[in-house]
Every structure is written in structure tokens, then in C-alpha cells.
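work-v7.txt, holding compact mmCIF, C-alpha atoms:
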# COMPACT_ATOMS: atom_id res chain seq x y z
CA MET G 10 5.84 -15.92 0.18
CA HIS G 11 2.23 -15.40 -0.87
CA ILE G 12 -0.15 -14.91 2.03
CA ARG G 13 -3.39 -16.86 2.20
CA ILE G 14 -6.35 -15.26 3.97
CA LYS G 15 -7.40 -17.26 7.00
CA PRO G 16 -10.43 -16.79 9.24
CA LEU G 17 -9.85 -15.39 12.71
CA THR G 18 -9.85 -18.10 15.33
CA ALA G 19 -12.95 -18.50 17.47
CA LEU G 20 -10.91 -17.37 20.45
CA LEU G 21 -9.85 -14.15 18.77
CA ALA G 22 -13.33 -13.48 17.45
CA ALA G 23 -14.60 -13.72 21.00
CA ALA G 24 -11.73 -11.72 22.42
CA LEU G 25 -12.00 -8.74 20.07
CA THR G 26 -14.95 -6.39 19.93
CA LEU G 27 -15.34 -6.91 16.19
CA SER G 28 -18.87 -8.25 15.99
CA ALA G 29 -21.66 -6.04 14.72
CA GLY G 30 -22.72 -5.40 18.30
CA GLY G 31 -19.14 -4.87 19.46
CA LEU G 32 -18.37 -2.31 16.81
CA ALA G 33 -21.26 -0.20 18.00
CA VAL G 34 -19.51 0.07 21.40
CA ALA G 35 -15.85 0.03 20.37
CA GLN G 36 -14.17 3.32 19.60
CA VAL G 37 -12.67 2.80 16.14
CA THR G 38 -10.37 5.45 14.69
CA SER G 39 -9.15 5.17 11.09
CA THR G 40 -6.01 6.86 9.80
CA ASN G 41 -4.73 6.86 6.21
CA VAL G 42 -1.00 6.16 6.06
CA ALA G 43 1.04 8.29 3.66
CA PHE G 44 4.77 7.74 3.21
CA PRO G 45 7.08 10.78 3.08
CA ARG G 46 8.13 11.73 -0.44
CA GLY G 47 10.77 9.32 -1.70
CA ALA G 48 10.36 6.98 1.29
CA THR G 49 8.98 3.44 1.45
CA SER G 50 8.31 3.36 5.19
CA THR G 51 6.96 5.43 8.02
CA VAL G 52 6.52 5.23 11.80
CA VAL G 53 3.25 5.77 13.64
CA SER G 54 2.55 5.82 17.36
CA ALA G 55 -0.44 6.25 19.65
CA THR G 56 -1.96 5.36 23.01
CA LEU G 57 -5.07 3.19 23.30
CA LYS G 58 -7.35 2.87 26.32
CA GLY G 59 -9.94 0.21 26.96
CA ASP G 60 -11.94 -0.82 23.89
CA GLN G 61 -10.37 1.75 21.58
CA ILE G 62 -9.33 0.29 18.21
CA ARG G 63 -7.12 2.07 15.70
CA ASP G 64 -7.00 1.18 12.00
CA TYR G 65 -4.06 2.30 9.87
CA VAL G 66 -5.06 2.14 6.20
CA VAL G 67 -2.20 1.40 3.79
CA ARG G 68 -2.80 1.34 0.03
CA ALA G 69 -0.58 -1.21 -1.67
CA SER G 70 -0.53 -3.36 -4.79
CA ALA G 71 -0.36 -7.07 -5.52
CA GLY G 72 3.26 -8.20 -5.77
CA GLN G 73 4.57 -5.64 -3.27
CA THR G 74 5.96 -6.61 0.14
CA MET G 75 4.53 -5.20 3.35
CA LYS G 76 6.45 -5.26 6.61
CA VAL G 77 5.01 -4.19 9.95
CA THR G 78 6.75 -4.29 13.32
CA MET G 79 5.32 -3.01 16.59
CA SER G 80 6.90 -2.29 19.96
CA GLY G 81 5.45 -0.94 23.18
CA SER G 82 2.91 -2.17 25.71
CA SER G 83 2.49 -5.94 25.95
CA ILE G 84 -1.32 -5.61 26.10
CA LEU G 85 -1.49 -4.27 22.53
CA PHE G 86 -1.56 -6.35 19.34
CA PHE G 87 -2.14 -5.75 15.64
CA ASN G 88 -3.82 -7.66 12.82
CA VAL G 89 -3.43 -7.15 9.08
CA LEU G 90 -6.72 -7.20 7.15
CA PRO G 91 -6.79 -7.46 3.33
CA PRO G 92 -8.87 -5.16 1.08
CA GLY G 93 -12.60 -5.46 1.72
CA SER G 94 -12.27 -7.43 4.96
CA ASN G 95 -13.48 -6.59 8.44
CA ASP G 96 -13.39 -10.04 10.03
CA GLU G 97 -10.67 -12.01 8.24
CA ALA G 98 -6.96 -11.44 8.68
CA ILE G 99 -3.80 -12.46 6.88
CA PHE G 100 -1.90 -11.91 10.14
CA THR G 101 -3.14 -12.20 13.74
CA GLY G 102 -0.80 -10.52 16.18
CA SER G 103 -2.12 -12.12 19.38
CA VAL G 104 -1.17 -15.51 17.91
CA GLU G 105 1.74 -14.74 15.57
CA GLY G 106 3.70 -12.03 17.38
CA ASN G 107 4.60 -8.39 16.81
CA SER G 108 6.21 -8.62 13.35
CA PHE G 109 4.63 -9.26 9.95
CA ALA G 110 6.21 -9.57 6.50
CA GLY G 111 4.60 -10.93 3.36
CA THR G 112 4.07 -10.53 -0.37
CA LEU G 113 0.62 -9.11 -1.04
CA SER G 114 -1.76 -11.03 -3.27
CA GLN G 115 -4.32 -8.23 -3.73
CA SER G 116 -4.28 -4.54 -4.59
CA GLY G 117 -6.17 -2.05 -2.48
CA PRO G 118 -6.41 -0.65 1.06
CA TYR G 119 -5.01 -2.89 3.80
CA LYS G 120 -5.99 -2.24 7.41
CA ILE G 121 -3.44 -2.60 10.17
CA ARG G 122 -5.70 -2.89 13.20
CA VAL G 123 -4.28 -2.17 16.66
CA TYR G 124 -6.25 -3.36 19.69
CA GLN G 125 -6.10 -5.01 23.09
CA MET G 126 -7.80 -8.21 24.19
CA ARG G 127 -11.25 -8.01 25.77
CA ALA G 128 -10.08 -8.80 29.32
CA SER G 129 -7.72 -5.82 29.57
CA ALA G 130 -10.09 -3.65 27.53
CA ARG G 131 -12.86 -4.26 30.06
CA ARG G 132 -10.50 -3.19 32.83
CA GLY G 133 -9.90 0.07 30.98
CA GLU G 134 -6.15 -0.49 30.75
CA THR G 135 -4.01 1.89 28.73
CA GLY G 136 -1.11 1.01 26.44
CA SER G 137 1.17 2.89 24.07
CA PHE G 138 2.88 1.62 20.93
CA LYS G 139 5.20 2.55 18.09
CA MET G 140 4.84 0.82 14.75
CA ASN G 141 7.01 0.80 11.62
CA ILE G 142 5.13 0.26 8.35
CA ALA G 143 6.96 -0.39 5.08
CA VAL G 144 5.81 -1.25 1.55
CA THR G 145 8.49 -2.12 -0.98
CA GLY G 146 8.94 -3.75 -4.37
CA LYS G 147 7.19 -3.47 -7.70
CA MET G 148 3.52 -4.17 -8.10
CA ALA G 149 2.53 -7.18 -10.17
CA ALA G 150 1.93 -6.41 -13.84
CA SER G 151 -1.65 -7.61 -13.47
CA ALA G 152 -2.38 -5.46 -10.43
CA HIS G 153 -4.21 -2.84 -12.50
CA PRO G 154 -4.94 -2.45 -16.20
CA SER G 155 -2.87 0.73 -16.33
CA VAL G 156 0.17 -1.22 -15.11
CA ALA G 157 0.09 -3.83 -17.86
CA GLY G 158 3.22 -3.68 -19.98
CA GLY G 159 4.96 -1.55 -17.37
CA GLY G 160 2.17 1.02 -17.46
CA LEU G 161 2.63 1.77 -21.16
CA ALA G 162 -0.29 -0.22 -22.57
CA GLY G 163 -2.07 1.72 -25.31
CA ILE G 164 0.33 4.67 -25.28
CA GLY G 165 1.89 3.92 -28.67
CA GLY G 166 -0.05 5.65 -31.45
CA MET G 167 -1.84 7.96 -29.02
CA ASN G 168 -2.07 11.73 -29.47
CA SER G 169 0.99 13.24 -27.76
CA ILE G 170 -0.90 15.54 -25.39
CA LYS G 171 -3.35 12.81 -24.43
CA ALA G 172 -0.45 10.40 -23.92
CA ILE G 173 1.27 12.74 -21.48
CA ASP G 174 -1.98 13.21 -19.54
CA THR G 175 -2.47 9.43 -19.48
CA MET G 176 1.07 8.84 -18.24
CA THR G 177 0.48 11.33 -15.44
CA SER G 178 -2.78 9.62 -14.45
CA ARG G 179 -0.88 6.31 -14.26
CA GLY G 180 1.61 7.69 -11.77
CA PHE G 181 4.42 8.77 -14.10
CA ALA G 182 6.29 12.06 -13.81
CA ASN G 183 8.04 13.73 -16.76
CA VAL G 184 11.66 13.93 -15.56
CA ASP G 185 13.44 14.86 -18.82
CA SER G 186 12.79 15.79 -22.46
CA PHE G 187 14.82 16.65 -25.55
CA ASP G 188 14.46 17.13 -29.31
CA SER G 189 16.24 15.69 -32.32
CA GLY G 190 15.12 17.30 -35.55
CA ASN G 191 11.33 17.00 -35.68
CA THR G 192 11.22 14.23 -33.10
CA GLN G 193 10.61 14.82 -29.42
CA TYR G 194 11.63 12.44 -26.64
CA GLY G 195 10.11 12.40 -23.16
CA ILE G 196 11.48 10.48 -20.18
CA PHE G 197 8.90 9.46 -17.58
CA TYR G 198 9.47 7.78 -14.22
CA ASN G 199 6.98 6.01 -11.99
CA ARG G 200 8.28 6.06 -8.42
CA ALA G 201 5.78 3.43 -7.30
CA THR G 202 6.67 0.82 -9.93
CA HIS G 203 10.22 2.07 -10.69
CA VAL G 204 9.48 1.96 -14.43
CA CYS G 205 11.64 4.35 -16.48
CA ALA G 206 9.88 4.99 -19.80
CA GLN G 207 10.71 6.86 -22.98
CA LEU G 208 8.09 8.24 -25.36
CA THR G 209 9.18 9.06 -28.91
CA MET G 210 6.85 11.61 -30.49
CA ALA G 211 6.51 13.32 -33.87
CA ASP G 212 3.71 15.11 -35.72
CA GLY G 213 1.62 15.17 -32.55
CA LYS G 214 1.63 11.38 -32.13
CA VAL G 215 3.51 8.84 -30.01
CA LEU G 216 5.62 6.74 -32.37
CA ASP G 217 7.08 4.51 -29.67
CA ALA G 218 6.66 3.93 -25.93
CA ARG G 219 9.09 1.65 -24.11
CA ASP G 220 10.64 0.87 -20.75
CA ILE G 221 14.30 1.90 -21.07
CA LYS G 222 15.06 0.51 -17.57
CA THR G 223 17.40 3.28 -16.48
CA HIS G 224 18.15 6.98 -16.92
CA PRO G 225 20.11 9.45 -14.76
CA LYS G 226 16.86 11.20 -13.76
CA CYS G 227 14.84 8.04 -13.11
CA ARG G 228 15.32 7.91 -9.38
Please lay out the structure from this file as C-alpha cells.
Amino acid sequence: MHIRIKPLTALLAAALTLSAGGLAVAQVTSTNVAFPRGATSTVVSATLKGDQIRDYVVRASAGQTMKVTMSGSSILFFNVLPPGSNDEAIFTGSVEGNSFAGTLSQSGPYKIRVYQMRASARRGETGSFKMNIAVTGKMAASAHPSVAGGGLAGIGGMNSIKAIDTMTSRGFANVDSFDSGNTQYGIFYNRATHVCAQLTMADGKVLDARDIKTHPKCR
């Protein structure tokens, strides 16, 4: 399903220390989330006390699916905020529970914000949590210009060396190469989009660039 951004409820806005004045008091810690090589998920954990707020920043693309589940203290909740937002959420944990799953409609950094409600925060209560964060699936073709056409837009006809540099900048890795006469073939794989591409090159120029879908080393 596609997720529509919805304003935080008045109750939640009052409950969280997210106003301009509240942020000056709240202790906000931001952590960039990086998945282990070859993995699509990771687990984070921490302990929050009082008005501490922890943001986990996950970079994802339109068309991918994000799943977040949290366990631990019942006084802790999490919200999911889309790119560029500090006061609107696509998921509000205090209302919708401790599990989120949805297809992302935007590309960019998403914030998974962990907090406790104002009443327990004022009492200085402490809670611990463990959270599983997963991002799966291919990004939408329109998520970024470099992804159009499977990430191969403009590669055909390009200088071979420039083409290889461009493929690398678009997230591709050269996983195999071979020659046939005066023609060179390069196999490139993008682990984020799962595109397996072949470049056919001769006389210093890319003659053809296409998604060949599968190759033993595209994994």
C-alpha cells in the first residue's frame, strides 16, 4: 500500500516535546542506520530516560518497503517521519501500535523517532527497547534520474572509461568482464536495485547497455 502523510493529532502534538520550545529542552540524539553488507535489515537498541528522543535515520527510495517493529518497555513508542518532516508522520506509534510496514512514496532520509509520552517523561521514567528495521524491494524507476531505465540511461554511446565511472557513481559494481575479439563485455550489478547490466564496448565506446536480468555473479 502507498502511505499518505497525515498530520500528528492534536493530542500527540501536545504529548510530545516536538514544538520549537520543546526541542530546545528535549535531548534529541540522531543515528544514521547502515545495514550490514548484503543485508536488508538491522537491529538497534537503546535506553531512554525522561525527555530523551532518539532519531534513527534510514535512507530509502520510493517504491521500496520499510518494516519496523519494536519491543521493550511499554512507555516507549516510535513514529516514522518522511523526508523533510519534523512534525508530520506517516506512522504514529502511540496510536497505531509497535509495528509499521508500508511502501514508500518518497526517496530520501526517513526518521524513525523513539520517544515516551510527556507524562512519563516528566516523571523521569526510563525504558529500554529493541527495534528491527528492514528496507526491501526495488526502488521506483522515477526515484532518481540515475535510476531511469534501470540505471542505464545515457550509458549507450558514452566513452568506455566515463561509462564505468558513471556506473560506479550510480551504485553498480563490476562483477565480471570478458573479451571476444575486439569487443569487451562488462557485467555490473546494483545491489540496491538488483539490476544486472551488461555493457558491450569496442573502440573505447559503449555500443550497448542493457539489463540482462540475471548472471551467476549478480547476487
*asked:* I'd like to know which of G:Gly117, G:Gly165, G:Gly47, G:Gly136 is closest to Asp217 of chain G, using only C-alpha atoms.
replied: G:Gly165
_Excluding Asn199 of chain G and its own-chain neighbours fewer than 4 positions away, which residues fall within 7 Å of it when counting all atoms listed in the file? Please give them as a ChimeraX atom specification._
/G:180-182,203-205
*Best match for closeness to Asp185 of chain G among G:Gly72, G:Gly102, G:Pro91, G:Pro225, counting all atoms listed in the file*: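 That would be G:Pro225, the residue with the smallest distance to Asp185 of chain G.
Compared by their closest atoms to Ser114 of chain G, and using all atoms listed in the file, the residues G:Ile84, G:Leu216, G:Ala43, G:Met75 rank with G:Met75 nearest.
Between atom CA of His224 of chain G and atom CA of Lys171 of chain G there is a distance of 23.5 Å.
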